[in-house]
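Here is the structure we will look at, set down as C-alpha cells.
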Amino acid sequence: MKKSNKQRRAEIKDRRLARAVALEARLSATDARLLLAEGRLPGLEIVDKSKLERHQLAHCQELSDFYLDRPFICSDCGSNEMWTAKQQKWWYEVAQGCVYSRAVRCRACRQTRRLQREAASLHEGANLLREEVARLRALAAAAPNAAARATVDAALQSKWRSLRVVAIEVMGRWGGAEQVERLKAFVAGHPGGSNHRWWEREAADAARKALTRIESEKKK
Ligand SMILES: [Zn+2]
C-alpha cells in the first residue's frame, strides 16, 4: 500500500528523533571533532562563529561549537517536532535570527499564524478605509474651508479608488464655480476610452455625474 504524506512525515520525524538521541549518546562518549573526522554527521552542523559576531550578547554567552537536532513540542498544537541542526544554522547564520530565539511552532501552525496575521491586517485596512470614507463624506455637509479642501485634495491622490470617488462626490456636493471648474478639469484629464483603466473611468464617471447634479440643482 502506498504511504500517505502524513505517514511519511511521521516516519521522518521518528527517524530524526532516533538520530538525535543516538548522536547525543555518541557525543557524550566521544569528542565531536573526532566524530566529524570520520565524515559528515547528519543531525550536527558546525557553528560559524564569525557569522554570529553581530550579536553583541553572543559574547556574554558561551557559544556552542555545534548545532544539534533539537526536539521540541509545538506551542500551539502540541505535536512533537524536530528543529534540525541544518535549520538552526540557517536561522542563526543566514536569516540572522536572534541568538535567543528558538523554534516554538510546527510548520503548519506557523503558516496558520501567518495567515491570521495577514487577515487581521486586511481587516485593519478595511476599517481604516471605512473611517476615511465617513470622514470625507461628513465634509460634504458644510461649505468647504481650507482644511476640508486639503483633505479632499489628498483623497483625490489616495491609493484607494473608493476614496478618490468619494472625494469627487464631495466636490459635487459642495458645488459652486470653483468645484465645477475642478470637476470639468478632472473630466478633461480623463477622457475615457479603452486606454484608460476602469478605475480611472470610474472616477471620471463620478465627476461627470457630479457635474450633471450641480446643473440640475441650478435649474430648480
Ligand atoms: Zn503546531
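We label chains A, B, ... in the order they appear in the C-alpha cells, count residues from 1 in each chain, and number ligands from 1 in the order shown.
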| request: Collect all residues with atoms no farther than 9 Å from ligand 1, counting only C-alpha atoms and all ligand atoms, and output them as a list in words. | output: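 My answer, listing the contacting residues, is Ile73, Cys74, Ser75, Asp76, Cys77, Gly78, Ser79, Asn80, Glu81, Val104, Arg105, Cys106, Arg107, Ala108, Cys109 and Arg110 of chain A.
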| field | From A:Arg182, A:Arg173, A:Arg40, A:Arg149, residue lying nearest Ile214 in chain A [only C-alpha atoms] | value | A:Arg173
| task | Check the DSSP output for the backbone and give back, as JSON, numbers by chain, the residues of range 22-220 of chain A in alpha helix (DSSP H). | result | {"A": [22, 23, 24, 25, 26, 27, 28, 29, 32, 33, 34, 35, 36, 37, 85, 86, 87, 88, 89, 107, 108, 109, 110, 111, 112, 113, 114, 115, 116, 117, 118, 119, 120, 121, 122, 123, 124, 125, 126, 127, 128, 129, 130, 131, 132, 133, 134, 135, 136, 137, 138, 139, 146, 147, 148, 149, 150, 151, 152, 153, 154, 155, 156, 161, 162, 163, 164, 165, 166, 167, 168, 169, 170, 171, 172, 173, 174, 176, 177, 178, 179, 180, 181, 182, 183, 184, 185, 186, 187, 188, 189, 198, 199, 200, 201, 202, 203, 204, 205, 206, 207, 208, 209, 210, 211, 212, 213, 214, 215, 216, 217, 218, 219]}
I'd like the contact shell of range 157-169 of chain A - 7 Å cut-off, only C-alpha atoms, skipping same-chain residues fewer than 5 positions apart - returned as a tab-separated table (two decimals) with N, CA, C and O atoms, in the first residue's frame.
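Final output, around-v4.tsv:
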```
chain	number	residue	atom	x	y	z
A	133	VAL	N	-13.63	57.12	4.61
A	133	VAL	CA	-14.78	57.42	3.75
A	133	VAL	C	-15.81	58.23	4.54
A	133	VAL	O	-16.33	59.23	4.07
A	136	LEU	N	-14.61	61.75	5.12
A	136	LEU	CA	-14.68	62.52	3.87
A	136	LEU	C	-16.13	62.91	3.56
A	136	LEU	O	-16.41	64.07	3.23
A	137	ARG	N	-17.05	61.96	3.70
A	137	ARG	CA	-18.47	62.23	3.40
A	137	ARG	C	-19.01	63.34	4.30
A	137	ARG	O	-19.81	64.17	3.85
A	152	VAL	N	-9.83	66.79	0.82
A	152	VAL	CA	-10.35	66.28	-0.45
A	152	VAL	C	-9.22	66.14	-1.48
A	152	VAL	O	-9.15	65.14	-2.19
A	199	TRP	N	-10.72	51.96	-13.20
A	199	TRP	CA	-10.90	52.81	-12.01
A	199	TRP	C	-10.71	54.29	-12.36
A	199	TRP	O	-11.23	55.15	-11.69
A	203	ALA	N	-13.69	57.06	-11.87
A	203	ALA	CA	-13.53	58.39	-11.26
A	203	ALA	C	-14.07	59.47	-12.19
A	203	ALA	O	-14.74	60.41	-11.76
A	206	ALA	N	-17.77	59.50	-12.11
A	206	ALA	CA	-18.25	60.14	-10.88
A	206	ALA	C	-18.22	61.66	-11.03
A	206	ALA	O	-19.15	62.36	-10.61
A	207	ALA	N	-17.17	62.17	-11.67
A	207	ALA	CA	-17.05	63.62	-11.88
A	207	ALA	C	-18.14	64.11	-12.82
A	207	ALA	O	-18.75	65.16	-12.58
A	210	ALA	N	-21.35	64.19	-10.96
A	210	ALA	CA	-21.38	65.32	-10.03
A	210	ALA	C	-21.72	66.61	-10.76
A	210	ALA	O	-22.51	67.42	-10.27
```
